[in-house]
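Colleague: My file is input.csv. It has CSV, C-alpha atoms:
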```
chain,number,residue,atom,x,y,z
A,272,MET,CA,0.0,0.0,0.0
A,273,LYS,CA,2.1,2.9,-1.3
A,274,ASN,CA,-0.3,5.2,-3.2
A,275,ILE,CA,-2.2,7.6,-1.1
A,276,LEU,CA,-4.9,10.0,-2.2
A,277,ILE,CA,-5.6,12.8,0.3
A,278,ILE,CA,-8.9,14.6,-0.3
A,279,ASN,CA,-9.3,18.0,1.4
A,280,GLY,CA,-13.0,18.3,2.0
A,281,HIS,CA,-12.9,21.7,3.6
A,282,GLN,CA,-15.3,24.4,2.6
A,283,TYR,CA,-14.2,27.9,3.1
A,284,TYR,CA,-16.3,30.4,5.3
A,285,GLU,CA,-14.5,33.7,5.9
A,286,GLY,CA,-13.9,34.3,9.6
A,287,ILE,CA,-15.5,31.0,10.7
A,288,ALA,CA,-13.8,28.2,8.8
A,289,GLU,CA,-10.9,29.3,6.7
A,290,GLY,CA,-9.3,25.8,6.4
A,291,LYS,CA,-6.0,26.4,8.2
A,292,LEU,CA,-6.5,23.6,10.7
A,293,THR,CA,-7.5,21.2,7.9
A,294,GLN,CA,-4.4,22.1,6.0
A,295,GLU,CA,-2.2,21.5,9.1
A,296,PHE,CA,-3.4,17.9,9.2
A,297,ILE,CA,-2.8,17.5,5.5
A,298,THR,CA,0.7,19.0,5.8
A,299,LYS,CA,1.4,16.5,8.6
A,300,ALA,CA,0.2,13.6,6.5
A,301,ASP,CA,2.3,14.7,3.6
A,302,THR,CA,5.4,14.8,5.8
A,303,PHE,CA,4.6,11.4,7.2
A,304,PHE,CA,4.0,9.7,3.9
A,305,LEU,CA,6.9,11.2,2.1
A,306,SER,CA,9.3,10.3,4.9
A,307,ASN,CA,8.1,6.7,4.7
A,308,GLY,CA,8.4,6.2,1.0
A,309,PHE,CA,4.7,6.7,-0.1
A,310,GLU,CA,3.5,8.4,-3.2
A,311,ILE,CA,0.8,11.1,-2.7
A,312,LYS,CA,-1.8,12.7,-4.8
A,313,HIS,CA,-4.1,15.5,-3.6
A,314,THR,CA,-7.5,16.9,-4.3
A,315,THR,CA,-8.7,20.1,-2.7
A,316,ILE,CA,-12.4,20.1,-3.5
A,317,ASP,CA,-12.9,23.8,-2.8
A,318,LYS,CA,-10.4,24.6,-5.6
A,319,GLY,CA,-12.3,22.6,-8.2
A,320,TYR,CA,-11.7,19.2,-9.8
A,321,LYS,CA,-12.2,17.3,-13.1
A,322,LEU,CA,-14.2,14.1,-12.9
A,323,GLU,CA,-11.8,12.1,-15.2
A,324,GLU,CA,-8.8,13.1,-13.1
A,325,GLU,CA,-10.5,12.2,-9.9
A,326,LEU,CA,-11.4,8.8,-11.2
A,327,GLU,CA,-7.8,8.2,-12.3
A,328,LYS,CA,-6.7,9.1,-8.8
A,329,PHE,CA,-9.2,6.6,-7.3
A,330,ALA,CA,-8.0,3.9,-9.6
A,331,TRP,CA,-4.4,4.7,-8.7
A,332,ALA,CA,-4.8,5.0,-4.9
A,333,ASP,CA,-4.2,2.1,-2.5
A,334,ALA,CA,-5.8,4.2,0.2
A,335,ILE,CA,-7.8,7.4,0.5
A,336,ILE,CA,-7.8,9.8,3.3
A,337,LEU,CA,-10.8,12.2,3.5
A,338,GLN,CA,-9.8,15.1,5.7
A,339,TYR,CA,-12.8,17.4,6.5
A,340,PRO,CA,-14.5,19.6,9.1
A,341,VAL,CA,-17.9,18.2,10.2
A,342,TYR,CA,-20.5,20.8,9.2
A,343,TRP,CA,-24.0,20.1,10.5
A,344,MET,CA,-23.2,16.5,11.5
A,345,SER,CA,-21.7,15.5,8.1
A,346,VAL,CA,-19.4,16.5,5.3
A,347,PRO,CA,-19.6,20.0,3.9
A,348,TRP,CA,-22.0,20.3,1.0
A,349,ILE,CA,-19.3,20.7,-1.6
A,350,THR,CA,-17.8,17.4,-0.4
A,351,LYS,CA,-21.2,15.7,-0.7
A,352,LYS,CA,-21.4,17.1,-4.2
A,353,TYR,CA,-17.9,15.7,-4.9
A,354,ILE,CA,-19.0,12.3,-3.6
A,355,ASP,CA,-22.2,12.3,-5.7
A,356,GLU,CA,-20.3,13.3,-8.9
A,357,VAL,CA,-17.1,11.2,-8.5
A,358,PHE,CA,-18.5,8.1,-7.0
A,359,SER,CA,-21.5,8.1,-9.4
A,360,GLY,CA,-19.2,9.1,-12.3
A,361,GLY,CA,-17.1,5.9,-11.8
A,362,VAL,CA,-20.0,3.5,-12.2
A,363,GLY,CA,-19.1,0.4,-14.2
A,364,GLU,CA,-15.4,1.3,-14.4
A,365,VAL,CA,-13.8,2.6,-11.2
A,366,THR,CA,-16.1,2.9,-8.2
A,367,TYR,CA,-18.8,0.3,-8.4
A,368,ALA,CA,-20.4,-2.1,-11.0
A,369,SER,CA,-23.9,-2.3,-9.5
A,370,ASP,CA,-25.5,-2.3,-6.1
A,371,GLY,CA,-24.4,-5.9,-5.9
A,372,ARG,CA,-27.7,-7.8,-6.1
A,373,SER,CA,-28.4,-10.3,-8.8
A,374,ARG,CA,-31.7,-11.7,-10.1
A,375,GLU,CA,-29.8,-15.0,-10.9
A,376,ASP,CA,-28.0,-15.3,-7.5
A,377,ALA,CA,-29.9,-14.4,-4.4
A,378,SER,CA,-26.8,-14.8,-2.3
A,379,LYS,CA,-25.4,-11.6,-3.7
A,380,LYS,CA,-26.3,-8.8,-1.3
A,381,TYR,CA,-27.0,-5.1,-1.6
A,382,GLY,CA,-23.8,-3.1,-1.3
A,383,SER,CA,-21.5,-5.8,-2.6
A,384,GLY,CA,-20.9,-4.5,-6.1
A,385,GLY,CA,-18.0,-2.2,-5.4
A,386,LEU,CA,-14.9,-2.1,-7.7
A,387,LEU,CA,-12.5,-0.6,-5.1
A,388,GLN,CA,-11.8,-3.9,-3.5
A,389,ASN,CA,-8.4,-4.3,-1.8
A,390,LYS,CA,-8.3,-0.5,-1.1
A,391,LYS,CA,-8.7,1.2,2.2
A,392,TYR,CA,-9.9,4.6,3.5
A,393,MET,CA,-9.5,6.7,6.5
A,394,LEU,CA,-11.7,9.5,7.8
A,395,SER,CA,-10.1,12.4,9.6
A,396,HIS,CA,-12.4,15.0,11.1
A,397,THR,CA,-12.3,18.3,12.8
A,398,TYR,CA,-15.2,18.8,15.3
A,399,ASN,CA,-16.4,21.7,17.4
A,400,CYS,CA,-18.1,19.4,19.8
A,401,PRO,CA,-16.3,17.9,22.8
A,402,PRO,CA,-15.3,14.2,22.7
A,403,SER,CA,-17.6,13.6,25.7
A,404,GLU,CA,-20.6,13.7,23.3
A,405,PHE,CA,-19.6,10.4,21.8
A,406,ASP,CA,-20.1,7.0,23.6
A,407,ASN,CA,-22.3,8.7,26.1
A,408,LYS,CA,-26.0,7.8,26.3
A,409,ASP,CA,-26.7,11.2,27.8
A,410,GLY,CA,-24.6,13.0,25.2
A,411,PHE,CA,-25.8,14.8,22.1
A,412,PHE,CA,-25.2,11.8,19.9
A,413,GLU,CA,-27.3,9.6,22.2
A,414,GLY,CA,-24.6,7.0,22.9
A,415,LEU,CA,-23.2,6.7,19.3
A,416,SER,CA,-19.5,6.3,18.8
A,417,LEU,CA,-17.6,8.6,16.5
A,418,ASP,CA,-17.8,6.1,13.7
A,419,GLN,CA,-21.5,5.4,14.3
A,420,ALA,CA,-22.2,9.2,14.1
A,421,ASN,CA,-20.4,9.2,10.7
A,422,PHE,CA,-22.2,6.0,9.5
A,423,ALA,CA,-23.3,7.5,6.1
A,424,VAL,CA,-19.8,8.6,5.1
A,425,HIS,CA,-18.4,5.3,6.0
A,426,LYS,CA,-21.0,3.5,4.0
A,427,VAL,CA,-20.2,5.5,0.8
A,428,PHE,CA,-16.7,4.1,0.8
A,429,GLN,CA,-17.8,0.6,1.9
A,430,PHE,CA,-20.5,0.5,-0.9
A,431,CYS,CA,-17.6,0.8,-3.4
A,432,GLY,CA,-15.7,-2.1,-1.7
A,433,MET,CA,-13.2,-0.2,0.4
A,434,GLU,CA,-12.1,-1.3,3.9
A,435,GLN,CA,-12.2,1.1,6.9
A,436,MET,CA,-9.1,2.2,8.7
A,437,LYS,CA,-9.0,3.7,12.2
A,438,THR,CA,-10.7,7.1,12.2
A,439,TYR,CA,-9.1,10.3,13.7
A,440,ALA,CA,-10.9,13.3,15.0
A,441,ILE,CA,-9.9,16.5,16.8
A,442,PHE,CA,-12.5,18.1,19.0
A,443,ASP,CA,-13.4,21.5,20.5
A,444,VAL,CA,-11.7,23.4,17.7
A,445,TYR,CA,-13.3,26.7,18.6
A,446,LYS,CA,-12.7,26.4,22.3
A,447,GLY,CA,-9.6,28.6,22.3
A,448,ASP,CA,-7.1,26.3,24.1
A,449,LEU,CA,-6.5,23.9,21.3
A,450,ALA,CA,-3.2,22.0,21.7
A,451,VAL,CA,-2.6,21.6,17.9
A,452,GLU,CA,0.9,20.2,18.2
A,453,GLU,CA,-0.3,17.5,20.7
A,454,GLU,CA,-3.2,16.7,18.3
A,455,LEU,CA,-0.9,16.5,15.3
A,456,ALA,CA,1.3,14.0,17.2
A,457,ILE,CA,-1.9,11.9,17.9
A,458,PHE,CA,-2.8,12.1,14.3
A,459,GLU,CA,0.6,11.0,13.2
A,460,ASN,CA,0.3,8.0,15.6
A,461,THR,CA,-3.0,7.1,13.9
A,462,LEU,CA,-1.3,7.3,10.5
A,463,LYS,CA,1.5,5.0,11.8
A,464,GLU,CA,-1.1,2.5,13.1
A,465,ASN,CA,-3.0,2.6,9.8
A,466,PHE,CA,-0.2,2.6,7.3
A,467,LEU,CA,3.0,1.1,8.8
```
Output the file's structure in the form of C-alpha cells.
Modeller:
Amino acid sequence: MKNILIINGHQYYEGIAEGKLTQEFITKADTFFLSNGFEIKHTTIDKGYKLEEELEKFAWADAIILQYPVYWMSVPWITKKYIDEVFSGGVGEVTYASDGRSREDASKKYGSGGLLQNKKYMLSHTYNCPPSEFDNKDGFFEGLSLDQANFAVHKVFQFCGMEQMKTYAIFDVYKGDLAVEEELAIFENTLKENFL
C-alpha cells in the first residue's frame, strides 16, 4: 500500500472556517507519507476538480484519506457534491459495478458491487463538539460512537468495496485552548497505526 490520495473536503467560510487547521493535518500527513516512501496525490475540493482526473486518482490509490470539518453533522455540501459526482461518475469502471444484487444469484447482497476492492480509506475529522458527546448515552449523539455518528460517510466508501481504517478526530476546535501540536502527534500515531 504505497499510493495515497488525500482529499481536502474543507469548505471555506471567511472568519468562521478558513481551512487552516484542515491544512495543518494534510501537511502533517504529507510529511509522514513522504518520509516513509509513499506516493501522494491530492484533491482540494474547494479549488475545483475534473471528474476524469479524480477517477484516475481513485483507480491509482491504494488508500484514500478524507480530511474534512464536520458541518451540521456530516461532510460540507461541496464534499457531498464531490461524492455524488465522483462516486457516481465511476459506475461500471472505477467505483462500483452495481448495487451488488443479482436476479440470478440471491446470495449476492446489496452493497457488494464495489470495484474498489483491496483498497482502504481513512476519515479524519475536525469537530467543534467535545469528545464527551460520543459513547455517552446522555450526550448529544445519544450513545453513538464517533464512527457510528459518521455512518453514512463510512457506507459511501464501503459501498464501493473499500475497507475502513482507524478514524481520527480533533474536538473543541473553537474552544480557544486547542493544543494543535499535541493533536498532530496523535494524528501521526494514527497514521502509523493505519499505514506502517
Colleague: Between A:Pro347, A:Pro401, A:Gly361, A:Gly410, which residue has the minimum interatomic distance to Lys328 of chain A, considering all atoms listed in the file?
Modeller: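 Once distances to Lys328 of chain A are computed over all atoms listed in the file, the minimum belongs to A:Gly361.
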Colleague: Taking 6 positions as the minimum chain separation for residues in the same chain, which residues sit within 9 Å of segment 273-279 of chain A when counting only C-alpha atoms? Answer as an NGL selection string.
Modeller: :A and (293-294 or 297 or 300-301 or 304 or 308-317 or 328-329 or 331-339 or 350 or 466)
Colleague: Identify, on the basis of all atoms listed in the file, every residue whose closest approach to segment 439-456 of chain A does not exceed 9 Å; exclude the query and any residue fewer than 2 positions from it along the same chain; express the result as a list of chain:residue names.
Modeller: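 Final neighbour list, sorted by chain and number: A:Leu292, A:Glu295, A:Phe296, A:Lys299, A:Met393, A:Leu394, A:Ser395, A:His396, A:Thr397, A:Tyr398, A:Asn399, A:Cys400, A:Pro401, A:Pro402, A:Leu417, A:Lys437, A:Phe458, A:Glu459, A:Asn460, A:Thr461, A:Leu462.
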Colleague: Around (-14.7, 12.4, -16.9), as given in the file, which residues come within 10 Å? Count only C-alpha atoms and list them as a list in words.
Modeller: Lys321, Leu322, Glu323, Glu324, Glu325, Leu326, Glu327, Glu356, Val357, Gly360 and Gly361 of chain A
Colleague: Take atom CA of Phe405 of chain A and atom CA of Lys426 of chain A and report the distance between them in Å, one decimal.
Modeller: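 Calculated distance between atom CA of Phe405 of chain A and atom CA of Lys426 of chain A is 19.1 Å.
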Colleague: As an exercise, work out the distance from atom CA of Pro340 of chain A to atom CA of Glu413 of chain A in Å and give it to one decimal place.
Modeller: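 Between these atoms lies a distance of 20.9 Å.
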Colleague: Kindly indicate which residue among A:Lys408, A:Lys391, A:Lys463, A:His281 lies nearest to Met436 of chain A, using only C-alpha atoms for the distances.
Modeller: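 When distances to Met436 of chain A are compared using only C-alpha atoms, the smallest one comes from A:Lys391.
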Colleague: Using all atoms listed in the file, which residue out of A:Gln282, A:Thr302, A:Gln435, A:Ser345 lies closest to Ala420 of chain A?
Modeller: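 The answer is A:Ser345, which sits nearest to Ala420 of chain A.
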Colleague: State, in Å with one decimal place, the distance from atom CA of Tyr367 of chain A to atom CA of Leu386 of chain A.
Modeller: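 Interatomic distance, atom CA of Tyr367 of chain A to atom CA of Leu386 of chain A: 4.6 Å.
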Colleague: Using all atoms listed in the file, which residue out of A:Ala368, A:Ile349, A:Leu415, A:Leu305 lies closest to Gly432 of chain A?
Modeller: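 Checking each candidate against Gly432 of chain A, we get A:Ala368 as the closest.
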Colleague: List every protein, DNA or RNA residue that has at least one atom no more than 12 Å from (-22.9, 9.5, 13.2) in the file's coordinates, counting only C-alpha atoms, and write the result as a JSON list (two decimals) with C-alpha atoms, keeping the file's coordinate frame.
Modeller:
```json
[["chain", "number", "residue", "atom", "x", "y", "z"],
["A", 341, "VAL", "CA", -17.90, 18.20, 10.20],
["A", 343, "TRP", "CA", -24.00, 20.10, 10.50],
["A", 344, "MET", "CA", -23.20, 16.50, 11.50],
["A", 345, "SER", "CA", -21.70, 15.50, 8.10],
["A", 346, "VAL", "CA", -19.40, 16.50, 5.30],
["A", 404, "GLU", "CA", -20.60, 13.70, 23.30],
["A", 405, "PHE", "CA", -19.60, 10.40, 21.80],
["A", 406, "ASP", "CA", -20.10, 7.00, 23.60],
["A", 411, "PHE", "CA", -25.80, 14.80, 22.10],
["A", 412, "PHE", "CA", -25.20, 11.80, 19.90],
["A", 413, "GLU", "CA", -27.30, 9.60, 22.20],
["A", 414, "GLY", "CA", -24.60, 7.00, 22.90],
["A", 415, "LEU", "CA", -23.20, 6.70, 19.30],
["A", 416, "SER", "CA", -19.50, 6.30, 18.80],
["A", 417, "LEU", "CA", -17.60, 8.60, 16.50],
["A", 418, "ASP", "CA", -17.80, 6.10, 13.70],
["A", 419, "GLN", "CA", -21.50, 5.40, 14.30],
["A", 420, "ALA", "CA", -22.20, 9.20, 14.10],
["A", 421, "ASN", "CA", -20.40, 9.20, 10.70],
["A", 422, "PHE", "CA", -22.20, 6.00, 9.50],
["A", 423, "ALA", "CA", -23.30, 7.50, 6.10],
["A", 424, "VAL", "CA", -19.80, 8.60, 5.10],
["A", 425, "HIS", "CA", -18.40, 5.30, 6.00],
["A", 426, "LYS", "CA", -21.00, 3.50, 4.00]]
```
Colleague: Closest to Phe430 of chain A among A:Ala288, A:Val365, A:Ala330, A:Leu387, using only C-alpha atoms?
Modeller: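 Among A:Ala288, A:Val365, A:Ala330, A:Leu387, it is A:Leu387 that comes nearest to Phe430 of chain A.
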Colleague: For a quick check of understanding, using only C-alpha atoms, which of A:Ser359, A:Thr366, A:Asn407, A:Gln429 has the smallest distance to Tyr381 of chain A?
Modeller: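 Residue with the minimum atom-to-atom distance to Tyr381 of chain A: A:Gln429.
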